[in-house]
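Peer 1: The file below is final19.cif, mmCIF, C-alpha atoms:
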data_upload
#
loop_
_atom_site.label_atom_id
_atom_site.label_comp_id
_atom_site.auth_asym_id
_atom_site.auth_seq_id
_atom_site.Cartn_x
_atom_site.Cartn_y
_atom_site.Cartn_z
CA MET A 19 92.28 90.89 94.00
CA LYS A 20 95.88 89.96 94.72
CA ALA A 21 96.75 90.56 91.07
CA LEU A 22 95.21 94.05 91.24
CA ILE A 23 97.22 94.96 94.35
CA LYS A 24 100.44 93.56 92.85
CA THR A 25 99.87 95.41 89.57
CA LEU A 26 99.19 98.70 91.33
CA GLY A 27 102.21 98.22 93.61
CA CYS A 28 104.55 97.39 90.73
CA SER A 29 103.26 100.36 88.75
CA LEU A 30 103.91 102.68 91.67
CA LEU A 31 107.44 101.36 92.20
CA LEU A 32 108.30 101.44 88.49
CA THR A 33 107.16 105.02 88.08
CA ALA A 34 108.94 106.14 91.27
CA SER A 35 112.26 106.24 89.47
CA MET A 36 110.80 107.98 86.41
CA SER A 37 109.95 111.26 88.12
CA ALA A 38 111.96 113.48 90.41
CA ASN A 39 108.83 115.52 91.04
CA ALA A 40 106.73 112.83 92.74
CA ASP A 41 105.74 112.08 96.32
CA TRP A 42 104.27 109.24 98.36
CA SER A 43 101.20 110.05 100.40
CA VAL A 44 99.10 108.36 103.05
CA SER A 45 95.51 109.21 103.85
CA GLY A 46 92.84 108.29 106.34
CA GLY A 47 89.25 109.24 106.88
CA PHE A 48 85.56 108.40 107.01
CA THR A 49 83.41 107.10 104.16
CA SER A 50 79.61 107.05 104.05
CA PHE A 51 77.67 104.73 101.71
CA GLN A 52 74.07 105.54 100.74
CA ASP A 53 71.96 103.18 98.64
CA ASP A 54 68.23 103.40 97.88
CA ILE A 55 67.30 99.73 97.66
CA ASP A 56 63.77 100.52 96.49
CA SER A 57 61.14 103.20 97.11
CA SER A 58 60.56 102.05 100.70
CA GLU A 59 64.04 100.93 101.85
CA SER A 60 67.47 102.55 101.89
CA LEU A 61 70.81 101.79 103.52
CA SER A 62 73.27 104.17 105.14
CA LEU A 63 76.58 102.57 106.14
CA GLY A 64 79.91 103.96 107.37
CA ALA A 65 83.55 102.91 107.20
CA LEU A 66 86.99 104.13 108.19
CA HIS A 67 89.59 103.95 105.42
CA GLY A 68 93.30 104.36 104.90
CA GLY A 69 95.10 104.89 101.62
CA LEU A 70 98.51 104.87 99.99
CA GLY A 71 99.16 106.92 96.86
CA TYR A 72 101.94 108.24 94.69
CA THR A 73 101.53 111.79 93.37
CA PHE A 74 103.06 113.07 90.14
CA ASP A 75 103.19 116.87 89.81
CA ARG A 76 103.11 118.44 86.36
CA GLY A 77 102.70 122.16 86.91
CA ASN A 78 99.09 122.84 87.89
CA VAL A 79 98.07 119.23 87.24
CA THR A 80 98.76 116.21 89.44
CA PHE A 81 98.08 112.51 88.89
CA MET A 82 97.85 109.96 91.68
CA PRO A 83 97.23 106.21 91.62
CA GLU A 84 95.93 105.20 95.04
CA LEU A 85 94.85 102.10 96.94
CA ARG A 86 92.32 102.54 99.77
CA VAL A 87 91.32 99.86 102.28
CA GLY A 88 88.92 100.08 105.17
CA PHE A 89 86.48 98.49 107.58
CA GLY A 90 82.95 99.23 108.73
CA VAL A 91 82.08 101.41 111.72
CA GLY A 92 78.37 101.98 111.18
CA ASP A 93 75.49 99.67 110.40
CA ASP A 94 71.87 100.00 109.31
CA SER A 95 68.86 97.76 108.82
CA ALA A 96 66.70 96.91 105.83
CA TYR A 97 63.94 94.34 105.43
CA GLY A 98 64.42 93.33 109.07
CA LEU A 99 68.13 92.53 108.60
CA ASP A 100 71.04 94.28 110.29
CA VAL A 101 73.57 95.22 107.58
CA GLU A 102 77.19 96.24 108.16
CA VAL A 103 80.37 96.82 106.15
CA ASP A 104 82.97 94.10 106.62
CA ASN A 105 85.69 95.69 104.46
CA LEU A 106 86.37 97.77 101.39
CA VAL A 107 89.15 97.88 98.81
CA ILE A 108 89.28 100.62 96.16
CA ALA A 109 91.97 101.26 93.54
CA SER A 110 91.80 104.60 91.75
CA VAL A 111 93.69 107.07 89.58
CA ARG A 112 93.17 110.73 90.35
CA GLY A 113 93.61 113.65 87.97
CA GLN A 114 93.73 116.95 89.86
CA TYR A 115 93.83 120.55 88.69
CA ASN A 116 95.47 122.82 91.27
CA VAL A 117 93.58 126.11 91.15
CA ASN A 118 96.24 127.74 93.37
CA ASP A 119 98.91 126.64 95.86
CA SER A 120 96.28 125.61 98.44
CA PHE A 121 93.18 124.41 96.56
CA GLY A 122 92.62 121.73 93.92
CA ILE A 123 89.67 119.97 92.27
CA PHE A 124 89.84 116.41 90.94
CA VAL A 125 88.14 113.56 89.12
CA GLN A 126 88.88 109.99 90.06
CA PRO A 127 87.81 106.81 88.24
CA SER A 128 87.86 103.85 90.63
CA TYR A 129 87.50 100.10 90.79
CA GLY A 130 86.46 98.70 94.14
CA ARG A 131 84.76 96.10 96.27
CA LEU A 132 82.55 96.67 99.29
CA GLU A 133 81.92 93.53 101.30
CA VAL A 134 78.86 93.59 103.55
CA SER A 135 77.17 91.12 105.86
CA ALA A 136 73.55 90.92 106.94
CA ASN A 137 72.04 89.12 109.94
CA GLY A 138 68.55 88.71 111.30
CA SER A 139 65.58 86.38 111.71
CA GLY A 140 67.93 83.41 112.09
CA ALA A 141 69.56 84.06 108.72
CA SER A 142 73.00 85.37 107.88
CA PHE A 143 74.87 86.12 104.67
CA SER A 144 77.78 88.15 103.36
CA GLY A 145 79.03 89.16 99.96
CA GLY A 146 80.28 91.89 97.72
CA ASP A 147 80.94 92.74 94.10
CA TRP A 148 83.73 94.46 92.21
CA GLU A 149 82.43 97.58 90.48
CA THR A 150 83.76 100.57 88.62
CA GLY A 151 82.89 104.05 89.80
CA ILE A 152 83.64 107.69 89.18
CA GLY A 153 84.25 110.42 91.69
CA THR A 154 84.94 114.11 92.00
CA GLY A 155 86.19 116.19 94.86
CA ALA A 156 88.31 118.96 96.26
CA SER A 157 91.56 119.16 98.20
CA TYR A 158 92.73 121.97 100.49
CA LYS A 159 96.33 122.17 101.73
CA LEU A 160 96.73 122.89 105.43
CA GLY A 161 100.51 123.18 105.14
CA LYS A 162 103.43 122.00 103.04
CA ASN A 163 102.69 118.27 103.53
CA ALA A 164 99.15 118.09 104.96
CA SER A 165 95.78 118.48 103.26
CA ILE A 166 92.11 117.70 103.76
CA GLU A 167 89.84 116.29 101.07
CA ALA A 168 86.15 115.85 100.36
CA MET A 169 84.98 113.47 97.64
CA TYR A 170 81.75 112.20 96.09
CA GLU A 171 81.81 108.90 94.18
CA GLN A 172 79.16 106.74 92.61
CA PHE A 173 79.39 102.98 92.19
CA ASP A 174 76.33 101.65 90.35
CA SER A 175 73.44 102.96 92.50
CA THR A 176 75.52 103.58 95.63
CA ASP A 177 76.46 107.16 96.55
CA VAL A 178 79.76 107.40 98.42
CA VAL A 179 80.91 110.50 100.34
CA SER A 180 84.40 110.58 101.88
CA PHE A 181 86.30 113.00 104.06
CA SER A 182 90.04 112.43 104.42
CA PHE A 183 93.27 113.78 105.83
CA ARG A 184 96.32 113.30 103.56
CA TYR A 185 100.00 113.55 104.46
CA THR A 186 102.61 113.72 101.66
CA PHE A 187 106.26 112.85 102.19
#
How would this structure read if it were set down as structure tokens?
Peer 2:
Amino acid sequence: MKALIKTLGCSLLLTASMSANADWSVSGGFTSFQDDIDSSESLSLGALHGGLGYTFDRGNVTFMPELRVGFGVGDDSAYGLDVEVDNLVIASVRGQYNVNDSFGIFVQPSYGRLEVSANGSGASFSGGDWETGIGTGASYKLGKNASIEAMYEQFDSTDVVSFSFRYTF
């Protein structure tokens, strides 16, 4: 995990000097996780996340490596256990096509970890796995530096929907 963060950070800093047409951005928002465990049980969990990215503009196309981290704000129950998100870490690289000055659509391969804990009936456990995922979404600029985003991602059998506010500086 530490190696992934260091690699992403070094990559961002190295490429900062290579492009005069690039910007840092921060984001924050809500993420919903949906997973059908089996035909009778499903989980719906929520988290707040924050992100740091570095955007490279190339005409109508932008690229952005990003690191998102977050913590749980909603829990659910399955098989008599209360389940909640402890934390999440997701590294991704976005490729976005800007349809016009205000609206863009993107695809975003990701690598992330969702750590959850479950408690009930005198038992308790926590854990998480690193998984690759793929996402798609749309971005709408509210002004020169501010935008809102909606994204759908899938990690294994988990559907992830996120809504974010992004500020670029």
Peer 1: I'd like to know which of A:Leu61, A:Ile123, A:Val87, A:Ala168 is closest to Leu106 of chain A, using all atoms listed in the file.
Peer 2: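 Ranking A:Leu61, A:Ile123, A:Val87, A:Ala168 by distance to Leu106 of chain A, first place goes to A:Val87.
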Peer 1: Calculated over all atoms listed in the file, which of the candidates A:Gly122, A:Gly64, A:Leu70, A:Gly113 has the smallest distance to Gly92 of chain A?
Peer 2: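 Of A:Gly122, A:Gly64, A:Leu70, A:Gly113, the one nearest Gly92 of chain A, counting all atoms listed in the file, is A:Gly64.
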Peer 1: Residues picked by the PyMOL selection byres ((chain A and resi 125) around 8) here, as number ranges by chain?
Peer 2: A: 112-114, 123-124, 126-127, 152-155
Peer 1: Taking all atoms listed in the file into account, which of A:Phe48, A:Phe183, A:Phe89, A:Tyr97 comes nearest Gly161 of chain A?
Peer 2: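 Closest to Gly161 of chain A of all the choices is A:Phe183.
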Peer 1: Could you state which residues are captured by the PyMOL selection byres ((chain A and resi 76) around 12) in this file, as a VMD selection string?
Peer 2: chain A and resid 37 to 40 73 to 75 77 to 82 113 to 116
Peer 1: Go ahead and write the residues just picked, C-alpha atoms, as a compact mmCIF listing (two decimals), keeping the file's coordinate frame.
Peer 2:
# COMPACT_ATOMS: atom_id res chain seq x y z
CA SER A 37 109.95 111.26 88.12
CA ALA A 38 111.96 113.48 90.41
CA ASN A 39 108.83 115.52 91.04
CA ALA A 40 106.73 112.83 92.74
CA THR A 73 101.53 111.79 93.37
CA PHE A 74 103.06 113.07 90.14
CA ASP A 75 103.19 116.87 89.81
CA GLY A 77 102.70 122.16 86.91
CA ASN A 78 99.09 122.84 87.89
CA VAL A 79 98.07 119.23 87.24
CA THR A 80 98.76 116.21 89.44
CA PHE A 81 98.08 112.51 88.89
CA MET A 82 97.85 109.96 91.68
CA GLY A 113 93.61 113.65 87.97
CA GLN A 114 93.73 116.95 89.86
CA TYR A 115 93.83 120.55 88.69
CA ASN A 116 95.47 122.82 91.27
Peer 1: In terms of the shortest atom-to-atom distance over all atoms listed in the file, which of A:Phe51, A:Trp148, A:Tyr158, A:Phe143 is closest to Asp100 of chain A?
Peer 2: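 Among the listed residues, the smallest separation from Asp100 of chain A belongs to A:Phe143.
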Peer 1: Which residue out of A:Trp42, A:Glu133, A:Leu63, A:Asn105 has the minimum interatomic distance to Asp177 of chain A when all atoms listed in the file are used?
Peer 2: A:Leu63
Peer 1: Tell me which residues come within 12 Å of (79.7, 86.2, 102.5), as a PyMOL selection string, counting only C-alpha atoms in the file's coordinates.
Peer 2: chain A and resi 102-105+132-137+142-147
Peer 1: Export, as a compact mmCIF listing (two decimals), in the frame of the given file, the selected residues with C-alpha atoms.
Peer 2:
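For reference, part.txt as written:
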# COMPACT_ATOMS: atom_id res chain seq x y z
CA GLU A 102 77.19 96.24 108.16
CA VAL A 103 80.37 96.82 106.15
CA ASP A 104 82.97 94.10 106.62
CA ASN A 105 85.69 95.69 104.46
CA LEU A 132 82.55 96.67 99.29
CA GLU A 133 81.92 93.53 101.30
CA VAL A 134 78.86 93.59 103.55
CA SER A 135 77.17 91.12 105.86
CA ALA A 136 73.55 90.92 106.94
CA ASN A 137 72.04 89.12 109.94
CA SER A 142 73.00 85.37 107.88
CA PHE A 143 74.87 86.12 104.67
CA SER A 144 77.78 88.15 103.36
CA GLY A 145 79.03 89.16 99.96
CA GLY A 146 80.28 91.89 97.72
CA ASP A 147 80.94 92.74 94.10
Peer 1: Excluding Asp53 of chain A and residues on its chain fewer than 3 positions from it, collect all residues at most 10 Å away from it, counting all atoms listed in the file, and give them as a list in words.
Peer 2: Asp56, Glu59, Ser60, Leu61, Ser62, Leu63, Phe173, Asp174, Ser175, Thr176, Asp177 and Val178 of chain A
Peer 1: From the set A:Ser50, A:Ser120, A:Arg86, A:Ser139, which residue has the shortest atom-to-atom contact distance to Ser165 of chain A, counting all atoms listed in the file?
Peer 2: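 Smallest separation from Ser165 of chain A among the options: A:Ser120.
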Peer 1: If you take every atom of segment 137-141 of chain A that the file lists and fit an axis-aligned box around them with 6 Å extra on each side, what centre and edge lengths come out in Å to one decimal, as JSON?
Peer 2:
{"center_x": 68.8, "center_y": 86.3, "center_z": 110.4, "size_x": 18.5, "size_y": 17.7, "size_z": 15.4}
Peer 1: Record the distance separating atom CA of Ser180 of chain A and atom CA of Asn118 of chain A, expressed in Å with one decimal.
Peer 2: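 Between these atoms lies a distance of 22.5 Å.
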Peer 1: Run the PyMOL selection byres ((chain A and resi 84) around 6) against the file shown and list the residues it catches, as an NGL selection string.
Peer 2: :A and (70-71 or 83 or 85 or 109-110)
Peer 1: To one decimal place, how far is atom CA of Glu167 of chain A from atom CA of Asp54 of chain A in Å?
Peer 2: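 So the answer is 25.4 Å.
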Peer 1: Take atom CA of Ala156 of chain A and atom CA of Arg131 of chain A and report the distance between them in Å, one decimal.
Peer 2: 23.1 Å
